[in-house]
file my_file.cif (mmCIF, C-alpha atoms)
data_structure
#
loop_
_atom_site.label_atom_id
_atom_site.label_comp_id
_atom_site.auth_asym_id
_atom_site.auth_seq_id
_atom_site.Cartn_x
_atom_site.Cartn_y
_atom_site.Cartn_z
CA MET A 1183 96.77 206.68 199.72
CA LYS A 1184 95.12 203.52 198.44
CA ARG A 1185 91.98 204.85 200.08
CA HIS A 1186 92.38 208.11 198.17
CA HIS A 1187 92.90 206.23 194.94
CA THR A 1188 89.62 204.38 195.13
CA LYS A 1189 87.88 207.61 196.15
CA VAL A 1190 89.34 209.39 193.15
CA ASN A 1191 88.35 206.58 190.82
CA GLU A 1192 84.79 206.73 192.05
CA ILE A 1193 84.36 210.41 191.37
CA SER A 1194 83.50 210.54 187.70
CA VAL A 1195 83.22 214.34 187.85
CA MET A 1196 86.99 214.55 188.30
CA ARG A 1197 87.54 212.34 185.28
CA ALA A 1198 85.22 214.46 183.17
CA VAL A 1199 86.84 217.72 184.30
CA ALA A 1200 90.35 216.30 183.81
CA LYS A 1201 89.53 215.23 180.27
CA VAL A 1202 88.54 218.80 179.45
CA VAL A 1203 91.36 220.52 181.35
CA ILE A 1204 94.42 218.37 180.57
CA PRO A 1205 94.61 219.16 176.82
CA TYR A 1206 94.61 222.87 177.69
CA ILE A 1207 97.36 222.38 180.29
CA LEU A 1208 99.51 220.62 177.68
CA LEU A 1209 98.68 223.30 175.11
CA PHE A 1210 99.58 226.02 177.62
CA ALA A 1211 102.90 224.28 178.27
CA LEU A 1212 103.66 224.37 174.54
CA TYR A 1213 102.67 228.05 174.47
CA VAL A 1214 105.06 228.78 177.36
CA GLN A 1215 107.76 226.79 175.57
CA PHE A 1216 107.55 228.59 172.25
CA HIS A 1217 106.45 232.00 173.51
CA GLY A 1218 109.34 232.26 175.99
CA ASP A 1219 111.14 234.52 173.50
CA PHE A 1220 108.40 237.12 173.72
CA GLY A 1221 106.95 236.82 177.21
CA PRO A 1222 107.78 235.25 180.55
CA GLY A 1223 108.49 231.55 180.51
CA GLY A 1224 110.79 229.16 178.71
CA GLY A 1225 111.88 225.57 178.58
CA PHE A 1226 112.08 225.00 182.32
CA GLN A 1227 108.62 226.31 183.15
CA ALA A 1228 107.11 224.66 180.07
CA GLY A 1229 108.65 221.31 180.99
CA VAL A 1230 107.27 221.51 184.52
CA ILE A 1231 103.77 222.45 183.30
CA PHE A 1232 103.77 219.70 180.68
CA ALA A 1233 104.82 217.13 183.29
CA ALA A 1234 102.19 218.49 185.71
CA GLY A 1235 99.49 217.91 183.09
CA LEU A 1236 100.64 214.33 182.52
CA ILE A 1237 100.91 213.68 186.28
CA LEU A 1238 97.38 215.02 186.75
CA TYR A 1239 96.29 212.42 184.20
CA ALA A 1240 98.18 209.73 186.11
CA LEU A 1241 96.63 210.79 189.43
CA ILE A 1242 93.10 210.50 188.10
CA PHE A 1243 93.29 207.64 185.60
CA GLY A 1244 96.11 205.71 187.25
CA THR A 1245 99.85 205.62 186.66
CA VAL A 1246 99.49 202.38 184.69
CA GLU A 1247 97.50 204.23 182.04
CA LEU A 1248 100.19 206.91 181.72
CA LYS A 1249 102.89 204.24 181.51
CA ARG A 1250 101.16 202.82 178.44
CA VAL A 1251 101.93 206.12 176.69
CA ILE A 1252 105.22 207.03 178.36
CA SER A 1253 107.14 203.94 179.38
CA PRO A 1254 109.96 204.13 181.95
CA ARG A 1255 112.34 203.27 179.10
CA LEU A 1256 111.13 206.29 177.09
CA ILE A 1257 111.70 208.46 180.17
CA GLU A 1258 115.33 207.35 180.42
CA ILE A 1259 115.84 208.20 176.75
CA GLY A 1260 114.01 211.53 177.14
CA ILE A 1261 116.06 212.69 180.13
CA ALA A 1262 119.28 212.19 178.20
CA SER A 1263 118.07 213.45 174.82
CA GLY A 1264 117.24 216.94 176.14
CA VAL A 1265 120.78 217.42 177.43
CA LEU A 1266 122.10 216.00 174.14
CA ILE A 1267 120.03 218.50 172.11
CA PHE A 1268 121.46 221.36 174.19
CA GLY A 1269 125.02 220.06 173.99
CA GLY A 1270 124.58 219.15 170.31
CA THR A 1271 123.67 222.75 169.50
CA GLY A 1272 126.94 223.80 171.12
CA LEU A 1273 128.92 221.09 169.33
CA TYR A 1274 127.42 222.12 165.98
CA SER A 1275 128.75 225.65 166.37
CA LEU A 1276 132.13 224.16 167.32
CA PHE A 1277 132.18 222.06 164.13
CA VAL A 1278 131.34 225.10 162.00
CA GLY A 1279 134.37 226.80 163.52
CA MET A 1280 132.76 229.16 166.03
CA PRO A 1281 132.81 229.20 169.85
CA PHE A 1282 130.80 226.60 171.81
CA LEU A 1283 127.09 227.57 171.99
CA ASP A 1284 127.54 230.57 169.67
CA TYR A 1285 124.18 230.51 167.89
CA ASP A 1286 125.41 232.83 165.12
CA ALA A 1287 126.80 229.62 163.61
CA LEU A 1288 123.27 228.39 162.84
CA SER A 1289 122.66 231.17 160.32
CA PRO A 1290 125.96 232.90 159.57
CA HIS A 1291 124.52 235.37 157.05
CA HIS A 1292 121.61 236.57 159.16
CA VAL A 1293 122.74 236.83 162.76
CA PRO A 1294 119.40 237.37 164.59
CA HIS A 1295 117.93 234.31 162.83
CA GLY A 1296 120.79 232.15 164.09
CA GLN A 1297 120.25 233.43 167.62
CA HIS A 1298 116.54 232.71 167.31
CA TYR A 1299 117.05 229.12 166.05
CA GLY A 1300 119.70 228.49 168.68
CA ILE A 1301 117.52 229.67 171.54
CA LEU A 1302 114.58 227.61 170.24
CA ALA A 1303 116.76 224.47 170.07
CA VAL A 1304 118.31 225.03 173.47
CA GLU A 1305 114.97 225.78 175.17
CA MET A 1306 113.60 222.64 173.53
CA GLY A 1307 116.39 220.62 175.11
CA VAL A 1308 115.70 222.14 178.54
CA GLY A 1309 111.97 221.49 178.16
CA ILE A 1310 112.40 217.84 177.18
CA THR A 1311 114.84 217.07 179.98
CA VAL A 1312 112.74 218.81 182.64
CA THR A 1313 109.50 217.12 181.52
CA PHE A 1314 110.99 213.64 181.67
CA VAL A 1315 112.92 214.30 184.90
CA MET A 1316 109.68 215.35 186.65
CA LEU A 1317 107.91 212.25 185.33
CA ALA A 1318 110.85 210.07 186.39
CA ILE A 1319 110.65 211.39 189.96
CA TYR A 1320 106.88 210.87 189.99
CA TYR A 1321 107.26 207.30 188.70
CA ALA A 1322 109.93 206.60 191.30
CA PHE A 1323 107.54 207.67 194.09
CA THR A 1324 104.53 205.77 192.78
CA ASP A 1325 106.56 202.59 192.13
CA ARG A 1326 107.57 202.73 195.77
CA SER A 1327 104.03 203.16 197.08
CA GLU A 1328 102.83 200.24 194.98
CA GLN A 1329 105.32 197.85 196.57
CA MET B 794 101.03 256.19 199.56
CA PRO B 795 100.16 253.04 197.56
CA PHE B 796 98.70 250.08 199.43
CA PRO B 797 101.63 247.89 200.66
CA TYR B 798 100.67 244.63 198.94
CA GLU B 799 104.18 243.22 199.44
CA ALA B 800 103.91 243.68 203.22
CA LEU B 801 100.48 242.05 203.24
CA LEU B 802 101.72 239.04 201.26
CA LEU B 803 104.86 238.71 203.41
CA ALA B 804 102.77 238.85 206.60
CA LEU B 805 100.48 236.14 205.21
CA ALA B 806 103.56 234.08 204.29
CA ILE B 807 104.79 234.31 207.89
CA VAL B 808 101.37 233.19 209.16
CA ILE B 809 101.41 230.22 206.76
CA ALA B 810 104.98 229.33 207.77
CA VAL B 811 103.99 229.25 211.47
CA LEU B 812 100.95 227.11 210.62
CA ILE B 813 103.21 224.66 208.73
CA ILE B 814 105.55 224.41 211.72
CA ARG B 815 102.68 223.90 214.18
CA GLY B 816 100.69 221.56 211.95
CA LYS B 817 100.52 217.85 212.75
CA ASN B 818 98.49 216.77 209.72
CA LEU B 819 101.03 216.43 206.91
CA PHE B 820 98.36 216.58 204.21
CA ALA B 821 97.33 220.04 205.48
CA CYS B 822 101.01 221.05 205.66
CA VAL B 823 101.53 220.13 202.01
CA MET B 824 98.52 222.25 201.02
CA LEU B 825 99.81 225.13 203.17
CA SER B 826 103.26 224.94 201.54
CA SER B 827 101.52 225.14 198.18
CA ILE B 828 99.74 228.30 199.37
CA PHE B 829 103.09 229.63 200.62
CA SER B 830 104.52 229.21 197.11
CA LEU B 831 101.51 230.97 195.65
CA LEU B 832 102.09 233.93 198.00
CA CYS B 833 105.74 234.02 196.91
CA THR B 834 104.53 234.05 193.30
CA GLY B 835 102.48 237.14 194.14
CA ILE B 836 105.48 238.84 195.77
CA TYR B 837 107.75 238.09 192.77
CA THR B 838 105.12 239.43 190.40
CA LEU B 839 104.83 242.63 192.45
CA VAL B 840 108.61 243.20 192.22
CA ASP B 841 108.40 242.66 188.42
CA ALA B 842 110.26 239.33 188.40
CA VAL B 843 107.65 237.60 186.26
CA ASP B 844 109.94 234.83 185.01
CA VAL B 845 110.85 233.91 188.58
CA ALA B 846 107.18 234.13 189.60
CA PHE B 847 106.27 231.78 186.77
CA THR B 848 108.86 229.25 187.89
CA GLU B 849 107.69 229.49 191.51
CA ALA B 850 104.07 228.92 190.46
CA ALA B 851 104.92 225.93 188.26
CA VAL B 852 107.48 224.29 190.54
CA GLY B 853 106.58 225.42 194.06
CA ALA B 854 102.80 225.49 193.90
CA GLY B 855 102.42 222.87 191.18
CA ILE B 856 104.76 219.98 190.81
CA SER B 857 106.40 219.90 194.26
CA THR B 858 102.93 219.71 195.85
CA VAL B 859 102.19 216.67 193.70
CA LEU B 860 105.53 215.09 194.62
CA PHE B 861 104.88 215.77 198.32
CA LEU B 862 101.49 214.06 197.95
CA ALA B 863 103.20 211.10 196.27
CA ALA B 864 105.65 210.99 199.19
CA LEU B 865 102.73 211.11 201.67
CA SER B 866 101.22 208.10 199.95
CA ILE B 867 104.32 206.17 201.10
CA THR B 868 104.76 207.65 204.56
CA GLY B 869 101.23 208.38 205.80
CA GLU B 870 99.40 211.57 206.74
CA LYS B 871 100.21 211.99 210.43
CA GLU B 872 103.38 213.45 211.85
CA VAL B 873 105.16 211.05 214.22
CA SER B 874 106.39 212.75 217.39
CA THR B 875 110.17 212.60 217.79
CA GLY B 876 109.86 212.81 221.56
CA ILE B 877 111.83 216.07 221.73
CA ARG B 878 109.60 218.46 223.64
CA ARG B 879 111.71 221.61 223.78
CA PRO B 880 114.21 221.78 220.91
CA TRP B 881 116.02 224.83 222.33
CA ASN B 882 119.32 223.96 220.62
CA ALA B 883 117.62 224.00 217.24
CA ALA B 884 115.87 227.27 218.11
CA LEU B 885 119.21 228.82 219.12
CA ILE B 886 120.90 227.75 215.84
CA ALA B 887 117.95 229.04 213.81
CA ALA B 888 117.96 232.37 215.69
CA LEU B 889 121.73 232.79 215.21
CA THR B 890 121.53 231.98 211.48
CA GLY B 891 118.56 234.30 211.04
CA GLY B 892 120.36 237.06 212.93
CA ALA B 893 123.48 236.66 210.77
CA LEU B 894 121.39 236.82 207.61
CA LEU B 895 119.57 239.96 208.82
CA TYR B 896 122.95 241.52 209.65
CA GLY B 897 124.08 240.73 206.10
CA VAL B 898 120.93 242.29 204.65
CA LEU B 899 121.88 245.62 206.28
CA ASP B 900 124.78 245.86 203.80
CA MET B 901 122.53 245.41 200.77
CA PRO B 902 121.41 248.43 198.73
CA ARG B 903 117.85 249.60 199.28
CA TYR B 904 115.20 247.76 197.26
CA GLY B 905 114.78 249.43 193.87
CA ASP B 906 117.83 251.69 194.33
CA PRO B 907 118.94 252.69 190.79
CA ALA B 908 122.51 253.17 192.05
CA ALA B 909 122.78 249.54 193.22
CA PRO B 910 125.85 247.75 191.77
CA ILE B 911 123.69 245.06 190.14
CA HIS B 912 122.16 247.67 187.83
CA HIS B 913 125.57 248.94 186.66
CA HIS B 914 127.53 245.84 185.76
CA VAL B 915 126.39 244.07 182.58
CA ALA B 916 122.67 244.78 182.84
CA PRO B 917 122.69 248.12 180.93
CA ARG B 918 124.55 246.50 178.04
CA TYR B 919 122.07 243.61 177.84
CA ILE B 920 119.15 246.05 177.90
CA LYS B 921 120.72 248.34 175.28
CA ASP B 922 122.32 245.87 172.85
CA SER B 923 120.37 242.61 173.12
CA PRO B 924 117.58 243.74 170.71
CA GLN B 925 120.25 244.12 167.98
CA GLU B 926 122.54 241.25 169.01
CA VAL B 927 119.94 238.60 169.82
CA GLY B 928 116.72 240.20 168.68
CA LEU B 929 114.27 238.86 171.26
CA PRO B 930 111.74 241.16 172.94
CA ASN B 931 112.11 239.31 176.27
CA PHE B 932 115.74 239.83 177.16
CA VAL B 933 115.47 237.59 180.20
CA THR B 934 115.37 234.77 177.65
CA SER B 935 118.23 236.39 175.69
CA VAL B 936 120.39 236.46 178.82
CA LEU B 937 119.45 232.94 179.95
CA ALA B 938 119.71 231.15 176.64
CA SER B 939 122.28 233.13 174.69
CA TYR B 940 124.57 235.38 176.79
CA ARG B 941 124.53 232.90 179.66
CA GLY B 942 124.09 229.77 177.55
CA TYR B 943 126.92 228.04 179.39
CA ASP B 944 125.16 228.53 182.74
CA THR B 945 121.86 227.23 181.39
CA PHE B 946 123.66 224.23 179.90
CA GLY B 947 125.18 223.68 183.33
CA GLU B 948 121.76 223.93 184.96
CA THR B 949 120.27 221.42 182.54
CA THR B 950 123.14 219.07 183.32
CA VAL B 951 122.45 219.58 187.04
CA VAL B 952 118.78 218.63 186.52
CA PHE B 953 119.94 215.58 184.54
CA THR B 954 122.43 214.57 187.22
CA ALA B 955 119.88 215.13 190.00
CA ALA B 956 117.43 212.85 188.20
CA LEU B 957 120.13 210.19 187.91
CA GLY B 958 120.73 210.50 191.64
CA VAL B 959 117.02 210.17 192.45
CA LEU B 960 116.63 207.17 190.15
CA LEU B 961 119.68 205.48 191.69
CA LEU B 962 118.45 206.16 195.24
CA ILE B 963 114.76 205.33 195.04
CA GLY B 964 114.87 203.67 191.66
CA GLY B 965 112.56 203.64 188.65
CA ALA B 966 110.64 200.48 187.83
CA SER B 967 112.77 199.57 184.81
CA ALA B 968 115.98 200.07 186.78
CA GLN B 969 114.73 197.71 189.49
CA ARG B 970 113.63 195.14 186.93
CA ARG B 971 117.03 195.16 185.30
CA SER B 972 118.96 194.99 188.55
CA SER B 973 116.78 192.15 189.82
CA GLU B 974 117.47 189.95 186.77
CA PRO B 975 120.94 188.72 187.81
CA ARG B 976 119.61 188.37 191.34
CA ASP B 977 116.95 185.95 190.12
CA LYS B 978 119.69 183.62 188.91
CA LEU B 979 121.39 183.84 192.28
CA ALA B 980 118.06 183.27 193.97
CA LYS B 981 118.10 179.56 193.13
CA ASN B 982 120.70 179.06 195.80
CA GLU B 983 119.89 181.61 198.49
CA SER B 984 116.42 182.84 197.68
CA ALA B 985 115.47 184.09 201.14
CA THR B 986 118.28 186.63 201.65
CA VAL B 987 118.30 187.90 198.08
CA GLU B 988 114.57 188.46 198.12
CA LYS B 989 114.90 190.51 201.26
CA ASP B 990 117.53 192.62 199.48
CA SER B 991 115.45 193.35 196.41
CA VAL B 992 112.45 194.31 198.50
CA ALA B 993 114.57 196.68 200.56
#
call {"tool": "encode", "arguments": {"input": "my_file.cif", "output": "C-alpha cells"}}
result
Amino acid sequence: MKRHHTKVNEISVMRAVAKVVIPYILLFALYVQFHGDFGPGGGFQAGVIFAAGLILYALIFGTVELKRVISPRLIEIGIASGVLIFGGTGLYSLFVGMPFLDYDALSPHHVPHGQHYGILAVEMGVGITVTFVMLAIYYAFTDRSEQ
Amino acid sequence: MPFPYEALLLALAIVIAVLIIRGKNLFACVMLSSIFSLLCTGIYTLVDAVDVAFTEAAVGAGISTVLFLAALSITGEKEVSTGIRRPWNAALIAALTGGALLYGVLDMPRYGDPAAPIHHHVAPRYIKDSPQEVGLPNFVTSVLASYRGYDTFGETTVVFTAALGVLLLIGGASAQRRSSEPRDKLAKNESATVEKDSVA
C-alpha cells in the first residue's frame, strides 16, 4: 500500500479532481441529511456519505492532513455526542412529562412541528455518530498499516 | 411482458459472486464486491425500496470498499492458499443451509402479493395516518424516526457499541498512546518485554 500511496501522491490530476468533487460530496451528504423527511435518505446514509467524502480526502492528501482537522480525540467525542443527542431528545420529552422519545413534547401546541423538530434532532444524532464511527474505523486501519 | 431487469441483475450478481470466490487477487475481489453491492442497489431500486438501495450504495459500494482497501494495505493483495484443495465439508454445509433457506422461501407469499400479511399489519395505518400524525411526505422516515424511534435509538446504540468494540480490538491512535503511557514507566525495568507487548 505504501507503493500505492506514493503513486497517488504523484498523480496531481487526482488531487485536482478531488478538490473539486469533495465539497460536493459533503454538500450532498448534508442534502441527504436534511432532505430525508421528503425523499429517500436520512441520518445513517448522510453520515456514511459525509465520512466517505472525508476518507476520500484522507486517501489522496494523506491521513495526517485529515487528522489536523479531525483529531482522534474529536472522533471519540463525536461518536458519543450523536447518541447523546438522540437520547437527550428522548429525555427532554420525559422531563416535560410525556413518554420517552415522544416528539410532540417539543412543540405541544402544534403537533406536526414537534414531530418535525424531533425527527430533525434524532436524525442529526444518527448522522453525527455514523460519520465519526466510520472515521474511527478508518483511522484504526490506517494507524495499523503505519506501524 | 416487461423486460425482466431483476432477473438480469440477479444473474449478473451470481456471476460476480462466482468470480469473487474464484479470484486470487484480493484487490480485484474488493472491486468485484463493490460491483456486487451496486447490482444489489439496482435490484432494491427496481422493487421500490429506495431507502434500502441508498443505504446499500453508500455502505456496500462506498465505505466498505474503502475499509476493505485499508485492510488490504495491512494484509497484502494476494490470497494465501490454505492448503485445502477440496473443501467438500464446507460445500456440504453451504448446500444444506442454502437448501433449508430455499425450503423456507417456499412458505413466503409471492413477491408483490397485496394479500401478504406484511401489508395488513401496521402498514396501512402508517400510510393512512402518518401525514396527519407526523406530517412528513416520506413516511419511511416517519416510521424509522418517530413510530419506531426506540428501534432507531437501539440501532444508533449498536453502531456506537460496535465502534467501541472495533477501537478496543484494533485500537485508535489516541487509545494506544494513552494505554502506552503507564507502560513507559514500567519500561525502565523491563523494556524489552513491554515493548514487544505494545507493538503487538
call {"tool": "atom_distance", "arguments": {"input": "my_file.cif", "atom1": "atom CA of Pro924 of chain B", "atom2": "atom CA of Asp1286 of chain A"}}
result
14.5 Å
call {"tool": "residues_near_point", "arguments": {"input": "my_file.cif", "point": "(96.0, 229.7, 193.9)", "cutoff": "9 Å", "atoms": "only C-alpha atoms", "output": "ChimeraX atom specification"}}
result
/B:827-828,831-832,850,854
call {"tool": "interface_residues", "arguments": {"input": "my_file.cif", "of": "chain B", "to": "chain A", "cutoff": "8 Å", "atoms": "all atoms listed in the file", "output": "PDB file with C-alpha atoms, in the coordinates of the input"}}
result
ATOM      1  CA  VAL B 843     107.650 237.600 186.260  1.00  0.00           C
ATOM      2  CA  ASP B 844     109.940 234.830 185.010  1.00  0.00           C
ATOM      3  CA  PHE B 847     106.270 231.780 186.770  1.00  0.00           C
ATOM      4  CA  THR B 848     108.860 229.250 187.890  1.00  0.00           C
ATOM      5  CA  ALA B 851     104.920 225.930 188.260  1.00  0.00           C
ATOM      6  CA  VAL B 852     107.480 224.290 190.540  1.00  0.00           C
ATOM      7  CA  GLY B 855     102.420 222.870 191.180  1.00  0.00           C
ATOM      8  CA  ILE B 856     104.760 219.980 190.810  1.00  0.00           C
ATOM      9  CA  LEU B 860     105.530 215.090 194.620  1.00  0.00           C
ATOM     10  CA  ALA B 863     103.200 211.100 196.270  1.00  0.00           C
ATOM     11  CA  ALA B 864     105.650 210.990 199.190  1.00  0.00           C
ATOM     12  CA  LEU B 865     102.730 211.110 201.670  1.00  0.00           C
ATOM     13  CA  SER B 866     101.220 208.100 199.950  1.00  0.00           C
ATOM     14  CA  ILE B 867     104.320 206.170 201.100  1.00  0.00           C
ATOM     15  CA  GLY B 869     101.230 208.380 205.800  1.00  0.00           C
ATOM     16  CA  GLN B 925     120.250 244.120 167.980  1.00  0.00           C
ATOM     17  CA  GLU B 926     122.540 241.250 169.010  1.00  0.00           C
ATOM     18  CA  VAL B 927     119.940 238.600 169.820  1.00  0.00           C
ATOM     19  CA  GLY B 928     116.720 240.200 168.680  1.00  0.00           C
ATOM     20  CA  LEU B 929     114.270 238.860 171.260  1.00  0.00           C
ATOM     21  CA  PRO B 930     111.740 241.160 172.940  1.00  0.00           C
ATOM     22  CA  ASN B 931     112.110 239.310 176.270  1.00  0.00           C
ATOM     23  CA  PHE B 932     115.740 239.830 177.160  1.00  0.00           C
ATOM     24  CA  THR B 934     115.370 234.770 177.650  1.00  0.00           C
ATOM     25  CA  SER B 935     118.230 236.390 175.690  1.00  0.00           C
ATOM     26  CA  ALA B 938     119.710 231.150 176.640  1.00  0.00           C
ATOM     27  CA  SER B 939     122.280 233.130 174.690  1.00  0.00           C
ATOM     28  CA  GLY B 942     124.090 229.770 177.550  1.00  0.00           C
ATOM     29  CA  TYR B 943     126.920 228.040 179.390  1.00  0.00           C
ATOM     30  CA  PHE B 946     123.660 224.230 179.900  1.00  0.00           C
ATOM     31  CA  THR B 949     120.270 221.420 182.540  1.00  0.00           C
ATOM     32  CA  THR B 950     123.140 219.070 183.320  1.00  0.00           C
ATOM     33  CA  VAL B 952     118.780 218.630 186.520  1.00  0.00           C
ATOM     34  CA  PHE B 953     119.940 215.580 184.540  1.00  0.00           C
ATOM     35  CA  ALA B 956     117.430 212.850 188.200  1.00  0.00           C
ATOM     36  CA  VAL B 959     117.020 210.170 192.450  1.00  0.00           C
ATOM     37  CA  LEU B 960     116.630 207.170 190.150  1.00  0.00           C
ATOM     38  CA  ILE B 963     114.760 205.330 195.040  1.00  0.00           C
ATOM     39  CA  GLY B 964     114.870 203.670 191.660  1.00  0.00           C
ATOM     40  CA  GLY B 965     112.560 203.640 188.650  1.00  0.00           C
ATOM     41  CA  ALA B 966     110.640 200.480 187.830  1.00  0.00           C
ATOM     42  CA  SER B 967     112.770 199.570 184.810  1.00  0.00           C
TER      43      SER B 967
END
call {"tool": "closest_residue", "arguments": {"input": "my_file.cif", "among": "A:Ile1267, A:Leu1276, A:Leu1236, A:Ile1252", "to": "Pro1205 of chain A", "atoms": "all atoms listed in the file"}}
result
A:Leu1236
call {"tool": "atom_distance", "arguments": {"input": "my_file.cif", "atom1": "atom CA of Val811 of chain B", "atom2": "atom CA of Gly891 of chain B"}}
result
15.4 Å
call {"tool": "atom_distance", "arguments": {"input": "my_file.cif", "atom1": "atom CA of Ile1242 of chain A", "atom2": "atom CA of Ala1211 of chain A"}}
result
19.6 Å
call {"tool": "axis_aligned_box", "arguments": {"input": "my_file.cif", "around": "segment 906-914 of chain B", "padding_each_side": "6 Å", "output": "AutoDock Vina command-line options"}}
result
--center_x 122.7 --center_y 249.1 --center_z 190.0 --size_x 21.7 --size_y 20.1 --size_z 20.6
call {"tool": "residues_near_point", "arguments": {"input": "my_file.cif", "point": "(107.7, 233.3, 205.6)", "cutoff": "12 Å", "atoms": "all atoms listed in the file", "output": "ChimeraX atom specification"}}
result
/B:800-814,825-826,828-833,836
